[in-house]
file target-v9.txt (compact mmCIF, C-alpha atoms)
# COMPACT_ATOMS: atom_id res chain seq x y z
CA MET A 1 106.66 40.56 77.71
CA ILE A 2 105.70 37.18 76.27
CA SER A 3 102.64 37.13 74.09
CA ILE A 4 101.06 33.82 73.12
CA ASN A 5 98.08 33.09 70.92
CA ILE A 6 97.93 29.49 69.78
CA GLU A 7 95.54 26.78 68.65
CA LYS A 8 96.36 23.09 68.62
CA LYS A 9 94.21 20.01 68.07
CA LEU A 10 94.60 17.40 70.80
CA ARG A 11 93.75 13.74 70.58
CA ALA A 12 91.90 12.78 73.71
CA TYR A 13 89.98 9.80 75.04
CA GLN A 14 86.69 11.61 74.49
CA GLY A 15 87.66 12.50 70.90
CA ASN A 16 89.41 15.48 69.43
CA GLN A 17 89.76 18.60 71.57
CA VAL A 18 91.16 21.99 70.77
CA LEU A 19 93.74 23.69 72.93
CA LYS A 20 93.20 27.40 72.42
CA ILE A 21 95.21 29.82 74.50
CA ALA A 22 95.68 33.56 74.32
CA ALA A 23 97.80 34.93 77.14
CA GLN A 24 100.47 37.43 78.02
CA PHE A 25 103.15 37.04 80.63
CA ASP A 26 105.11 39.95 82.08
CA LYS A 27 108.88 39.74 82.20
CA GLY A 28 110.02 38.22 85.48
CA SER A 29 106.55 37.03 86.42
CA ILE A 30 105.66 33.61 87.80
CA THR A 31 102.51 31.88 86.58
CA LYS A 32 100.98 28.69 87.87
CA ILE A 33 99.14 26.82 85.14
CA TYR A 34 96.65 24.23 86.23
CA GLY A 35 93.86 22.21 84.72
CA PRO A 36 92.55 18.66 84.46
CA SER A 37 94.64 15.76 83.16
CA GLY A 38 94.79 15.72 79.38
CA ALA A 39 93.88 19.39 79.12
CA GLY A 40 97.05 20.12 77.17
CA LYS A 41 99.18 21.73 79.89
CA SER A 42 102.37 19.89 78.89
CA THR A 43 101.62 20.41 75.20
CA PHE A 44 101.28 24.15 75.88
CA LEU A 45 104.77 24.26 77.39
CA LYS A 46 106.20 22.20 74.52
CA ILE A 47 104.65 24.56 71.96
CA ILE A 48 106.36 27.50 73.67
CA ALA A 49 109.68 25.63 73.73
CA GLY A 50 109.41 24.78 70.02
CA LEU A 51 109.12 21.03 70.60
CA VAL A 52 105.55 20.80 69.29
CA GLU A 53 104.04 22.78 66.41
CA PRO A 54 100.53 24.20 66.77
CA GLU A 55 98.14 24.37 63.81
CA TYR A 56 97.76 28.13 64.19
CA GLY A 57 99.36 30.72 66.33
CA LYS A 58 101.86 33.37 67.16
CA ILE A 59 104.39 33.59 69.97
CA SER A 60 106.47 36.69 70.49
CA VAL A 61 109.00 37.34 73.20
CA ASP A 62 109.82 41.03 73.66
CA ASP A 63 110.49 42.18 70.08
CA ALA A 64 111.35 38.74 68.70
CA VAL A 65 108.84 36.53 66.91
CA TRP A 66 109.38 32.88 67.87
CA LEU A 67 106.42 31.51 66.02
CA ASP A 68 104.04 32.82 63.42
CA THR A 69 102.21 30.16 61.47
CA LYS A 70 100.89 32.74 58.98
CA SER A 71 104.39 33.87 58.06
CA LYS A 72 105.74 30.33 58.47
CA ILE A 73 108.19 31.48 61.13
CA SER A 74 109.16 28.92 63.73
CA LEU A 75 112.40 29.24 65.65
CA SER A 76 114.07 25.96 66.58
CA PRO A 77 114.18 24.90 70.26
CA GLN A 78 117.94 25.60 70.16
CA LYS A 79 117.30 29.25 69.22
CA ARG A 80 114.47 29.72 71.72
CA LYS A 81 116.69 28.16 74.42
CA VAL A 82 114.11 28.10 77.18
CA GLY A 83 114.79 26.31 80.45
CA PHE A 84 112.58 23.22 80.40
CA ALA A 85 112.08 20.92 83.41
CA PHE A 86 110.39 17.85 81.97
CA GLN A 87 107.66 15.96 83.82
CA ASN A 88 109.59 12.68 83.35
CA TYR A 89 112.87 14.52 84.15
CA ALA A 90 114.46 13.43 80.82
CA LEU A 91 117.82 12.91 82.51
CA PHE A 92 120.64 11.43 80.45
CA PRO A 93 121.37 7.88 81.74
CA ASN A 94 124.98 8.02 80.53
CA MET A 95 125.85 11.14 82.53
CA THR A 96 126.57 11.78 86.17
CA VAL A 97 125.04 14.70 88.07
CA GLN A 98 128.18 16.77 87.43
CA GLN A 99 128.26 15.84 83.74
CA HIS A 100 124.62 16.90 83.33
CA LEU A 101 125.53 20.41 84.41
CA GLU A 102 128.86 20.44 82.55
CA TYR A 103 126.96 19.50 79.38
CA VAL A 104 125.31 22.91 79.66
CA SER A 105 127.90 25.15 81.31
CA ASP A 106 131.68 25.18 81.77
CA ASP A 107 131.50 27.67 84.64
CA ALA A 108 132.60 25.60 87.68
CA GLN A 109 131.47 28.24 90.18
CA TRP A 110 128.00 28.41 88.63
CA ILE A 111 127.76 24.60 88.65
CA ASN A 112 128.71 24.51 92.34
CA GLN A 113 126.10 27.15 93.10
CA LEU A 114 123.43 25.08 91.36
CA LEU A 115 124.51 21.91 93.16
CA SER A 116 124.26 23.78 96.45
CA ILE A 117 120.74 25.06 95.69
CA GLY A 118 119.62 21.54 94.79
CA LYS A 119 121.47 19.94 97.74
CA LEU A 120 123.22 17.58 95.34
CA GLU A 121 126.85 18.37 96.24
CA THR A 122 127.46 14.88 97.61
CA PHE A 123 125.95 13.13 94.57
CA THR A 124 128.05 14.65 91.78
CA SER A 125 129.44 11.32 90.59
CA HIS A 126 126.07 9.53 90.66
CA LYS A 127 124.24 8.58 87.51
CA PRO A 128 120.44 9.07 87.43
CA GLU A 129 119.66 5.41 88.11
CA TYR A 130 121.39 5.75 91.50
CA LEU A 131 119.44 8.87 92.52
CA SER A 132 116.10 8.96 94.31
CA GLY A 133 113.03 10.38 92.53
CA GLY A 134 113.38 13.67 94.38
CA GLN A 135 117.08 13.95 93.56
CA GLN A 136 116.38 13.24 89.89
CA GLN A 137 113.70 15.91 89.86
CA ARG A 138 116.02 18.48 91.42
CA LEU A 139 118.74 17.62 88.89
CA ALA A 140 116.25 18.12 86.04
CA ILE A 141 115.42 21.60 87.40
CA LEU A 142 119.09 22.50 87.94
CA ARG A 143 120.03 21.38 84.43
CA ALA A 144 117.31 23.60 82.97
CA MET A 145 118.46 26.51 85.14
CA ALA A 146 122.09 25.98 84.10
CA ILE A 147 121.51 27.85 80.81
CA LYS A 148 120.39 30.92 82.84
CA PRO A 149 117.11 31.06 80.92
CA LYS A 150 115.02 34.14 80.32
CA LEU A 151 111.99 31.85 80.17
CA MET A 152 111.65 28.80 82.43
CA LEU A 153 109.01 26.18 81.71
CA MET A 154 108.39 23.62 84.44
CA ASP A 155 106.13 20.60 84.08
CA GLU A 156 105.01 19.25 87.47
CA PRO A 157 108.42 20.25 88.86
CA PHE A 158 107.97 19.54 92.56
CA SER A 159 105.77 16.41 92.47
CA ALA A 160 108.48 14.10 93.86
CA LEU A 161 109.79 16.49 96.53
CA ASP A 162 108.85 16.32 100.18
CA PRO A 163 107.51 19.58 101.71
CA LYS A 164 110.79 20.33 103.52
CA MET A 165 112.96 19.91 100.43
CA LYS A 166 110.47 21.92 98.37
CA SER A 167 110.47 24.77 100.88
CA GLU A 168 114.28 24.84 100.78
CA LEU A 169 114.58 24.62 97.00
CA ILE A 170 112.01 27.22 95.97
CA PRO A 171 113.69 30.24 97.68
CA GLY A 172 117.00 29.33 96.00
CA LEU A 173 115.34 29.14 92.60
CA LYS A 174 113.38 32.33 93.27
CA THR A 175 116.65 34.20 93.94
CA LEU A 176 118.05 33.04 90.60
CA TRP A 177 114.83 33.93 88.74
CA ASP A 178 114.93 37.42 90.23
CA GLU A 179 118.62 37.77 89.35
CA PHE A 180 118.12 36.77 85.68
CA GLY A 181 114.67 38.37 85.30
CA THR A 182 113.35 34.94 84.37
CA THR A 183 109.71 34.55 83.41
CA VAL A 184 108.46 31.29 84.88
CA LEU A 185 105.51 29.12 83.85
CA ILE A 186 104.82 26.20 86.17
CA VAL A 187 102.36 23.49 85.20
CA SER A 188 100.68 21.51 87.93
CA HIS A 189 97.51 19.48 88.15
CA ASN A 190 97.51 20.21 91.87
CA PRO A 191 97.39 23.93 92.85
CA GLN A 192 98.33 23.04 96.46
CA GLU A 193 101.67 21.72 95.22
CA LEU A 194 102.77 25.29 94.57
CA GLU A 195 101.81 26.73 97.93
CA GLY A 196 104.35 29.22 99.19
CA LEU A 197 105.04 30.54 95.72
CA THR A 198 103.47 33.90 95.01
CA ALA A 199 102.26 33.70 91.47
CA ARG A 200 99.53 34.54 89.04
CA GLU A 201 97.26 31.62 88.20
CA MET A 202 96.01 30.45 84.84
CA GLU A 203 93.62 27.61 84.11
CA ILE A 204 93.72 25.54 80.94
CA ASN A 205 90.59 23.85 79.72
CA PRO A 206 90.37 22.43 76.21
CA LEU A 207 87.40 23.26 73.99
CA MET B 1 145.89 -26.61 55.67
CA ASP B 2 145.79 -23.29 53.82
CA LEU B 3 144.73 -20.58 56.28
CA THR B 4 144.25 -17.92 53.59
CA PRO B 5 140.45 -18.46 53.40
CA ILE B 6 140.19 -17.85 57.17
CA TRP B 7 142.18 -14.58 57.00
CA LEU B 8 140.21 -13.52 53.94
CA THR B 9 136.95 -14.20 55.77
CA LEU B 10 138.04 -12.27 58.87
CA LYS B 11 139.23 -9.38 56.69
CA LEU B 12 135.94 -9.35 54.78
CA ALA B 13 133.91 -9.44 58.01
CA ALA B 14 135.97 -6.64 59.62
CA ILE B 15 135.77 -4.32 56.58
CA THR B 16 132.05 -5.02 56.09
CA THR B 17 131.35 -4.29 59.77
CA MET B 18 133.30 -1.02 59.65
CA ILE B 19 131.56 0.14 56.48
CA LEU B 20 128.14 -0.77 57.87
CA LEU B 21 128.87 1.02 61.14
CA ILE B 22 129.70 4.21 59.23
CA ILE B 23 126.63 3.91 56.98
CA GLY B 24 124.35 2.25 59.52
CA LEU B 25 124.46 4.74 62.38
CA PRO B 26 123.19 7.78 60.46
CA LEU B 27 120.84 5.66 58.35
CA ALA B 28 119.30 3.95 61.39
CA TYR B 29 118.95 7.34 63.08
CA TRP B 30 117.16 8.78 60.06
CA LEU B 31 114.87 5.74 59.80
CA SER B 32 114.07 5.90 63.52
CA LYS B 33 112.60 9.40 63.18
CA GLY B 34 108.98 9.32 62.03
CA ARG B 35 107.46 7.48 59.10
CA SER B 36 107.22 8.28 55.41
CA ILE B 37 106.62 6.25 52.30
CA ILE B 38 110.28 6.67 51.28
CA LYS B 39 111.42 5.32 54.66
CA ILE B 40 109.04 2.36 54.45
CA ILE B 41 110.29 1.42 50.98
CA LEU B 42 113.94 1.85 51.96
CA GLU B 43 113.45 -0.18 55.12
CA ALA B 44 111.80 -2.96 53.12
CA ILE B 45 114.76 -3.01 50.71
CA ILE B 46 117.23 -3.12 53.62
CA THR B 47 115.27 -5.98 55.23
CA MET B 48 114.92 -8.05 52.03
CA PRO B 49 118.22 -9.98 52.47
CA LEU B 50 116.78 -11.50 55.66
CA VAL B 51 114.12 -13.37 53.70
CA LEU B 52 115.44 -13.49 50.16
CA PRO B 53 117.44 -16.62 49.15
CA PRO B 54 121.11 -15.52 49.11
CA SER B 55 121.51 -16.98 45.62
CA VAL B 56 118.76 -14.69 44.33
CA LEU B 57 120.45 -11.63 45.80
CA GLY B 58 123.79 -12.86 44.48
CA PHE B 59 122.32 -13.41 41.02
CA TYR B 60 120.94 -9.87 40.80
CA LEU B 61 124.18 -8.38 42.11
CA LEU B 62 126.07 -10.46 39.53
CA MET B 63 123.83 -9.12 36.79
CA ALA B 64 124.00 -5.54 38.07
CA PHE B 65 127.77 -5.44 38.40
CA SER B 66 128.72 -7.54 35.41
CA PRO B 67 131.15 -5.47 33.30
CA LYS B 68 128.92 -6.11 30.30
CA HIS B 69 125.74 -4.58 31.79
CA GLY B 70 124.37 -1.37 33.34
CA ILE B 71 126.15 -0.12 36.45
CA GLY B 72 128.91 -2.71 36.22
CA GLY B 73 129.60 -1.73 32.60
CA TRP B 74 129.69 1.95 33.52
CA LEU B 75 132.05 1.32 36.45
CA HIS B 76 134.29 -0.80 34.23
CA ASN B 77 134.40 1.66 31.31
CA THR B 78 134.63 4.87 33.40
CA PHE B 79 136.77 3.92 36.41
CA ASP B 80 138.20 0.56 35.33
CA ILE B 81 136.55 -1.03 38.40
CA GLN B 82 135.38 -4.61 38.20
CA LEU B 83 133.28 -5.76 41.12
CA VAL B 84 132.37 -9.29 40.08
CA PHE B 85 134.95 -11.96 40.96
CA SER B 86 136.90 -9.48 43.09
CA PHE B 87 137.34 -8.86 46.81
CA GLN B 88 135.77 -5.38 46.44
CA GLY B 89 132.70 -7.09 44.99
CA LEU B 90 132.55 -9.37 48.02
CA ILE B 91 132.63 -6.33 50.32
CA LEU B 92 129.76 -4.68 48.43
CA ALA B 93 127.69 -7.88 48.43
CA SER B 94 128.41 -8.51 52.12
CA ALA B 95 127.47 -4.95 53.05
CA ILE B 96 124.10 -5.31 51.30
CA TYR B 97 123.53 -8.81 52.65
CA SER B 98 124.39 -7.97 56.27
CA MET B 99 122.86 -4.49 56.39
CA PRO B 100 119.64 -5.55 58.22
CA PHE B 101 121.76 -6.96 61.06
CA MET B 102 123.36 -3.55 61.58
CA ILE B 103 120.35 -1.29 60.95
CA GLY B 104 117.71 -3.32 62.82
CA PRO B 105 119.12 -3.34 66.38
CA ILE B 106 120.35 0.28 66.20
CA LYS B 107 117.08 1.63 64.83
CA SER B 108 115.08 -0.33 67.38
CA ALA B 109 117.27 0.92 70.26
CA LEU B 110 116.92 4.54 69.10
CA GLN B 111 113.15 4.21 68.91
CA GLN B 112 113.04 2.86 72.45
CA LEU B 113 114.83 5.90 73.89
CA PRO B 114 112.35 8.42 75.30
CA LEU B 115 111.82 11.32 72.90
CA SER B 116 112.28 13.69 75.83
CA LEU B 117 116.03 12.88 75.95
CA SER B 118 116.72 14.57 72.64
CA GLN B 119 114.11 17.24 73.36
CA ALA B 120 115.88 18.10 76.62
CA SER B 121 119.17 18.39 74.77
CA TYR B 122 117.64 20.68 72.10
CA THR B 123 116.20 23.01 74.74
CA LEU B 124 119.71 23.26 76.20
CA GLY B 125 120.82 24.68 72.86
CA LYS B 126 122.52 21.54 71.55
CA SER B 127 122.38 20.67 67.85
CA GLU B 128 120.89 17.44 66.49
CA ARG B 129 124.38 16.18 65.66
CA GLU B 130 125.77 16.90 69.14
CA THR B 131 122.69 15.35 70.72
CA PHE B 132 123.15 12.20 68.65
CA ILE B 133 126.84 11.87 69.50
CA LYS B 134 126.75 12.83 73.19
CA ILE B 135 123.30 11.68 74.31
CA LEU B 136 121.70 9.12 72.00
CA LEU B 137 124.75 7.11 70.94
CA PRO B 138 126.15 6.51 74.46
CA ASN B 139 122.72 5.31 75.58
CA ILE B 140 122.42 2.72 72.82
CA ARG B 141 126.05 1.56 73.13
CA ALA B 142 125.06 -2.02 73.96
CA SER B 143 122.82 -2.25 70.89
CA VAL B 144 125.50 -0.80 68.62
CA LEU B 145 127.96 -3.42 69.88
CA THR B 146 125.37 -6.17 69.43
CA ALA B 147 124.69 -4.97 65.89
CA ALA B 148 128.42 -4.88 65.07
CA ILE B 149 129.03 -8.39 66.44
CA LEU B 150 125.99 -9.83 64.66
CA THR B 151 127.06 -8.19 61.41
CA PHE B 152 130.58 -9.58 61.79
CA ALA B 153 129.34 -13.07 62.65
CA HIS B 154 126.77 -13.05 59.83
CA THR B 155 129.41 -12.03 57.29
CA LEU B 156 131.58 -14.97 58.42
CA GLY B 157 128.81 -17.35 57.45
CA GLU B 158 127.95 -15.99 54.01
CA PHE B 159 127.96 -18.52 51.21
CA GLY B 160 125.37 -18.06 48.47
CA VAL B 161 125.91 -14.36 47.79
CA VAL B 162 129.67 -14.66 48.05
CA LEU B 163 129.80 -17.61 45.67
CA MET B 164 127.58 -15.90 43.11
CA ILE B 165 129.43 -12.60 42.97
CA GLY B 166 132.92 -13.70 43.93
CA GLY B 167 133.24 -17.23 42.66
CA ASN B 168 136.02 -19.35 44.10
CA ILE B 169 139.34 -17.64 43.36
CA PRO B 170 142.04 -18.73 45.87
CA GLY B 171 143.49 -15.78 47.78
CA VAL B 172 140.96 -13.36 46.31
CA THR B 173 137.38 -14.53 46.85
CA ARG B 174 137.76 -18.02 48.32
CA VAL B 175 136.46 -17.35 51.84
CA ALA B 176 136.15 -20.00 54.57
CA SER B 177 132.55 -21.03 53.85
CA ILE B 178 133.46 -21.68 50.21
CA ALA B 179 136.64 -23.48 51.26
CA VAL B 180 134.48 -25.86 53.34
CA TYR B 181 132.26 -26.59 50.35
CA ASP B 182 135.25 -26.93 48.04
CA SER B 183 137.04 -29.31 50.43
CA VAL B 184 133.97 -31.54 50.69
CA GLU B 185 133.65 -31.56 46.90
CA ASN B 186 137.26 -32.76 46.74
CA MET B 187 136.65 -35.38 49.47
CA ASP B 188 139.15 -33.56 51.72
CA TYR B 189 137.12 -33.95 54.92
CA ALA B 190 140.05 -33.09 57.22
CA SER B 191 140.36 -29.59 55.74
CA ALA B 192 136.58 -29.18 55.64
CA ASN B 193 136.45 -30.11 59.32
CA ALA B 194 139.27 -27.70 60.22
CA TYR B 195 137.65 -24.76 58.40
CA SER B 196 134.26 -25.62 59.87
CA LEU B 197 135.61 -25.93 63.40
CA ILE B 198 137.36 -22.56 63.21
CA LEU B 199 134.21 -20.88 61.85
CA PHE B 200 132.09 -22.61 64.50
CA CYS B 201 134.37 -21.48 67.35
CA VAL B 202 134.72 -17.89 66.17
CA THR B 203 130.96 -17.55 65.65
CA PHE B 204 130.20 -19.18 68.99
CA ILE B 205 132.53 -16.80 70.84
CA MET B 206 130.92 -13.82 69.10
CA VAL B 207 127.38 -14.90 69.94
CA ILE B 208 128.37 -15.64 73.55
CA SER B 209 129.95 -12.19 73.83
CA VAL B 210 126.66 -10.59 72.69
CA PHE B 211 124.79 -12.37 75.47
CA VAL B 212 127.42 -11.56 78.09
CA PHE B 213 127.69 -7.92 77.10
CA ASN B 214 123.94 -7.41 77.01
CA LYS B 215 123.52 -9.01 80.40
CA TYR B 216 126.06 -6.83 82.17
CA LYS B 217 126.18 -3.62 80.17
CA ALA B 218 122.75 -2.98 78.70
CA LYS B 219 121.21 -2.08 82.05
CA SER B 220 119.88 1.43 82.17
CA PRO B 221 117.02 3.28 83.85
CA LEU B 222 115.33 3.26 80.45
CA GLU B 223 114.71 -0.48 80.63

call {"tool": "encode", "arguments": {"input": "target-v9.txt", "output": "structure tokens"}}
result
Amino acid sequence: MISINIEKKLRAYQGNQVLKIAAQFDKGSITKIYGPSGAGKSTFLKIIAGLVEPEYGKISVDDAVWLDTKSKISLSPQKRKVGFAFQNYALFPNMTVQQHLEYVSDDAQWINQLLSIGKLETFTSHKPEYLSGGQQQRLAILRAMAIKPKLMLMDEPFSALDPKMKSELIPGLKTLWDEFGTTVLIVSHNPQELEGLTAREMEINPL
Amino acid sequence: MDLTPIWLTLKLAAITTMILLIIGLPLAYWLSKGRSIIKIILEAIITMPLVLPPSVLGFYLLMAFSPKHGIGGWLHNTFDIQLVFSFQGLILASAIYSMPFMIGPIKSALQQLPLSLSQASYTLGKSERETFIKILLPNIRASVLTAAILTFAHTLGEFGVVLMIGGNIPGVTRVASIAVYDSVENMDYASANAYSLILFCVTFIMVISVFVFNKYKAKSPLE
């Protein structure tokens, strides 16, 4: 069980807004998070991952406290070790597809399994600049999955994928999530993008 | 023609570049992360040699490291180290004088990398040190090389600072730029021309290599 109760000021075009979220996510559940642009969806994921600090809040995962601003507890992103698929992919320009996955895991069989799920077996020696947008996006997801995360945070993860590729990728990911008991939070500004994925829905609207 | 000043200059430039690479990489990384009043002041101090007359910098270094005053006196009395009129003094002065050429390009390149690169590495469980070595550094390789070449080339051309703190001791502090000046003073235009031509060619090759390397190697999806 992941329990989140946070408050974070956001700078927006209309002035300051407050992102205030209190939510609980069951272990192994999938949640689609949607809301208007600038609502703080990406910030919410980054707060959970430990990349952004909220003004107030508490995050606990099972029995472990990741964040408690009152007690000044804040685990580093390295200790939280969530799988994070970034909206801009955040791929490493100096690394090939294979090296991206080897940076995370030295299990060759696991790497091959991931490459197969992402249909990237024939691109292992390619650097990101020589991959299409869809291939880059799949690599970003695979790299995040390579750590076998208990919590997977995905920011607009399928926006560059065509419907066929998406429909082939999602079942492969779903199998892995079930196997690891991964709790998944998927941010999207477009609820239709996640069609075919049975999930709870959550809307974010800043105050 | 005595080639000692040329070798001395190349040795000075190589040692200065190596020292500044070791100091400059972590310092530029630290400066590239966020802003604070301490960072602003330190950055201003590092940048000062770009605008300050070299003789002014040389004068203050001469005063600071004179064996009769402050730090220089302490170094002399405690460790028997004398920095003025010595090759070690030239290295120190060169490192201070050329520091902005090393720090500037590296810091700027680090700031241009998307923050999400290091964030992605952290979420994968990698430490800040490993992220710097395996992710950030390889992606600013072209800028590090540019900084190293510019630092080397700039050290070759030092005159004012070197003259103030090192003087003109043959085989010890008489670098090529001082040898040019000295030869002209002695009406030995042939030697002055030879030293000048060598310095000109070496510097030209270094600057050309910066342009060539940046054209062919600095391409990345980040640009």

call {"tool": "residues_near_point", "arguments": {"input": "target-v9.txt", "point": "(140.2, -10.0, 53.2)", "cutoff": "10 Å", "atoms": "all atoms listed in the file", "output": "ChimeraX atom specification"}}
result
/B:4-16,87-88,90-91,171-175

call {"tool": "interface_residues", "arguments": {"input": "target-v9.txt", "of": "chain B", "to": "chain A", "cutoff": "9 Å", "atoms": "all atoms listed in the file", "output": "list in words"}}
result
Pro114, Leu115, Ser116, Leu117, Ser118, Gln119, Ala120, Ser121, Tyr122, Thr123, Leu124, Gly125, Lys126, Ser127, Lys134, Ile135, Leu136, Pro138, Asn139, Ser220, Pro221 and Leu222 of chain B

call {"tool": "atom_distance", "arguments": {"input": "target-v9.txt", "atom1": "CA of Ser3 (chain A)", "atom2": "CA of Asp68 (chain A)"}}
result
11.6 Å

call {"tool": "atom_distance", "arguments": {"input": "target-v9.txt", "atom1": "CA of His100 (chain A)", "atom2": "CA of Ile47 (chain A)"}}
result
24.2 Å

call {"tool": "residues_around", "arguments": {"input": "target-v9.txt", "residues": "region 154-163 of chain A", "least_positions_apart": "2", "cutoff": "9 Å", "atoms": "all atoms listed in the file", "output": "compact mmCIF listing (two decimals) with C-alpha atoms, in the coordinates of the input"}}
result
# COMPACT_ATOMS: atom_id res chain seq x y z
CA LYS A 41 99.18 21.73 79.89
CA SER A 42 102.37 19.89 78.89
CA LEU A 45 104.77 24.26 77.39
CA GLY A 83 114.79 26.31 80.45
CA PHE A 84 112.58 23.22 80.40
CA ALA A 85 112.08 20.92 83.41
CA PHE A 86 110.39 17.85 81.97
CA GLN A 87 107.66 15.96 83.82
CA ASN A 88 109.59 12.68 83.35
CA TYR A 89 112.87 14.52 84.15
CA GLY A 133 113.03 10.38 92.53
CA GLY A 134 113.38 13.67 94.38
CA GLN A 135 117.08 13.95 93.56
CA GLN A 136 116.38 13.24 89.89
CA GLN A 137 113.70 15.91 89.86
CA ARG A 138 116.02 18.48 91.42
CA ALA A 140 116.25 18.12 86.04
CA ILE A 141 115.42 21.60 87.40
CA MET A 152 111.65 28.80 82.43
CA MET A 165 112.96 19.91 100.43
CA LYS A 166 110.47 21.92 98.37
CA SER A 167 110.47 24.77 100.88
CA GLU A 168 114.28 24.84 100.78
CA VAL A 184 108.46 31.29 84.88
CA LEU A 185 105.51 29.12 83.85
CA ILE A 186 104.82 26.20 86.17
CA VAL A 187 102.36 23.49 85.20
CA SER A 188 100.68 21.51 87.93
CA HIS A 189 97.51 19.48 88.15
CA ASN A 190 97.51 20.21 91.87
CA GLU A 193 101.67 21.72 95.22
CA LEU A 194 102.77 25.29 94.57

call {"tool": "residues_around", "arguments": {"input": "target-v9.txt", "residues": "Ile117 (chain A)", "least_positions_apart": "2", "cutoff": "8 Å", "atoms": "all atoms listed in the file", "output": "NGL selection string"}}
result
:A and (113-115 or 119-120 or 169 or 172-173)

call {"tool": "axis_aligned_box", "arguments": {"input": "target-v9.txt", "around": "region 41-55 of chain B", "padding_each_side": "6 Å", "output": "lines of an AutoDock Vina configuration file"}}
result
center_x = 115.9
center_y = -7.6
center_z = 50.6
size_x = 23.2
size_y = 30.8
size_z = 22.0

call {"tool": "residues_around", "arguments": {"input": "target-v9.txt", "residues": "Ala28 (chain B)", "least_positions_apart": "5", "cutoff": "9 Å", "atoms": "only C-alpha atoms", "output": "VMD selection string"}}
result
chain B and resid 23 33 102 to 108 110

call {"tool": "atom_distance", "arguments": {"input": "target-v9.txt", "atom1": "CA of Trp74 (chain B)", "atom2": "CA of Pro100 (chain B)"}}
result
27.7 Å

call {"tool": "residues_around", "arguments": {"input": "target-v9.txt", "residues": "Met1 (chain A)", "least_positions_apart": "5", "cutoff": "12 Å", "atoms": "only C-alpha atoms", "output": "VMD selection string"}}
result
chain A and resid 23 to 29 59 to 65 150 to 151 181 to 184

call {"tool": "residues_near_point", "arguments": {"input": "target-v9.txt", "point": "(118.1, -12.9, 55.1)", "cutoff": "10 Å", "atoms": "only C-alpha atoms", "output": "list in words"}}
result
Ile46, Thr47, Met48, Pro49, Leu50, Val51, Leu52, Pro53, Pro54, Leu57, Tyr97, Ser98, Met99, Pro100, Phe101 and His154 of chain B

call {"tool": "write_last_selection", "arguments": {"input": "target-v9.txt", "atoms": "C-alpha atoms", "output": "PDB file, in the frame of the given file"}}
result
ATOM      1  CA  ILE B  46     117.230  -3.120  53.620  1.00  0.00           C
ATOM      2  CA  THR B  47     115.270  -5.980  55.230  1.00  0.00           C
ATOM      3  CA  MET B  48     114.920  -8.050  52.030  1.00  0.00           C
ATOM      4  CA  PRO B  49     118.220  -9.980  52.470  1.00  0.00           C
ATOM      5  CA  LEU B  50     116.780 -11.500  55.660  1.00  0.00           C
ATOM      6  CA  VAL B  51     114.120 -13.370  53.700  1.00  0.00           C
ATOM      7  CA  LEU B  52     115.440 -13.490  50.160  1.00  0.00           C
ATOM      8  CA  PRO B  53     117.440 -16.620  49.150  1.00  0.00           C
ATOM      9  CA  PRO B  54     121.110 -15.520  49.110  1.00  0.00           C
ATOM     10  CA  LEU B  57     120.450 -11.630  45.800  1.00  0.00           C
ATOM     11  CA  TYR B  97     123.530  -8.810  52.650  1.00  0.00           C
ATOM     12  CA  SER B  98     124.390  -7.970  56.270  1.00  0.00           C
ATOM     13  CA  MET B  99     122.860  -4.490  56.390  1.00  0.00           C
ATOM     14  CA  PRO B 100     119.640  -5.550  58.220  1.00  0.00           C
ATOM     15  CA  PHE B 101     121.760  -6.960  61.060  1.00  0.00           C
ATOM     16  CA  HIS B 154     126.770 -13.050  59.830  1.00  0.00           C
TER      17      HIS B 154
END

call {"tool": "closest_residue", "arguments": {"input": "target-v9.txt", "among": "B:Ala179, B:Leu150, B:Leu145, B:Ile165", "to": "Asn193 (chain B)", "atoms": "all atoms listed in the file"}}
result
B:Ala179

call {"tool": "residues_around", "arguments": {"input": "target-v9.txt", "residues": "Tyr181 (chain B)", "least_positions_apart": "6", "cutoff": "10 Å", "atoms": "only C-alpha atoms", "output": "PyMOL selection string"}}
result
chain B and resi 159+187-189+192+195-196

call {"tool": "closest_residue", "arguments": {"input": "target-v9.txt", "among": "A:Trp110, A:Tyr56, A:Phe123, A:Tyr34", "to": "Gln192 (chain A)", "atoms": "all atoms listed in the file"}}
result
A:Tyr34

call {"tool": "closest_residue", "arguments": {"input": "target-v9.txt", "among": "B:Glu128, B:Asp80, B:Asp2, B:Asp182", "to": "Pro26 (chain B)", "atoms": "only C-alpha atoms"}}
result
B:Glu128
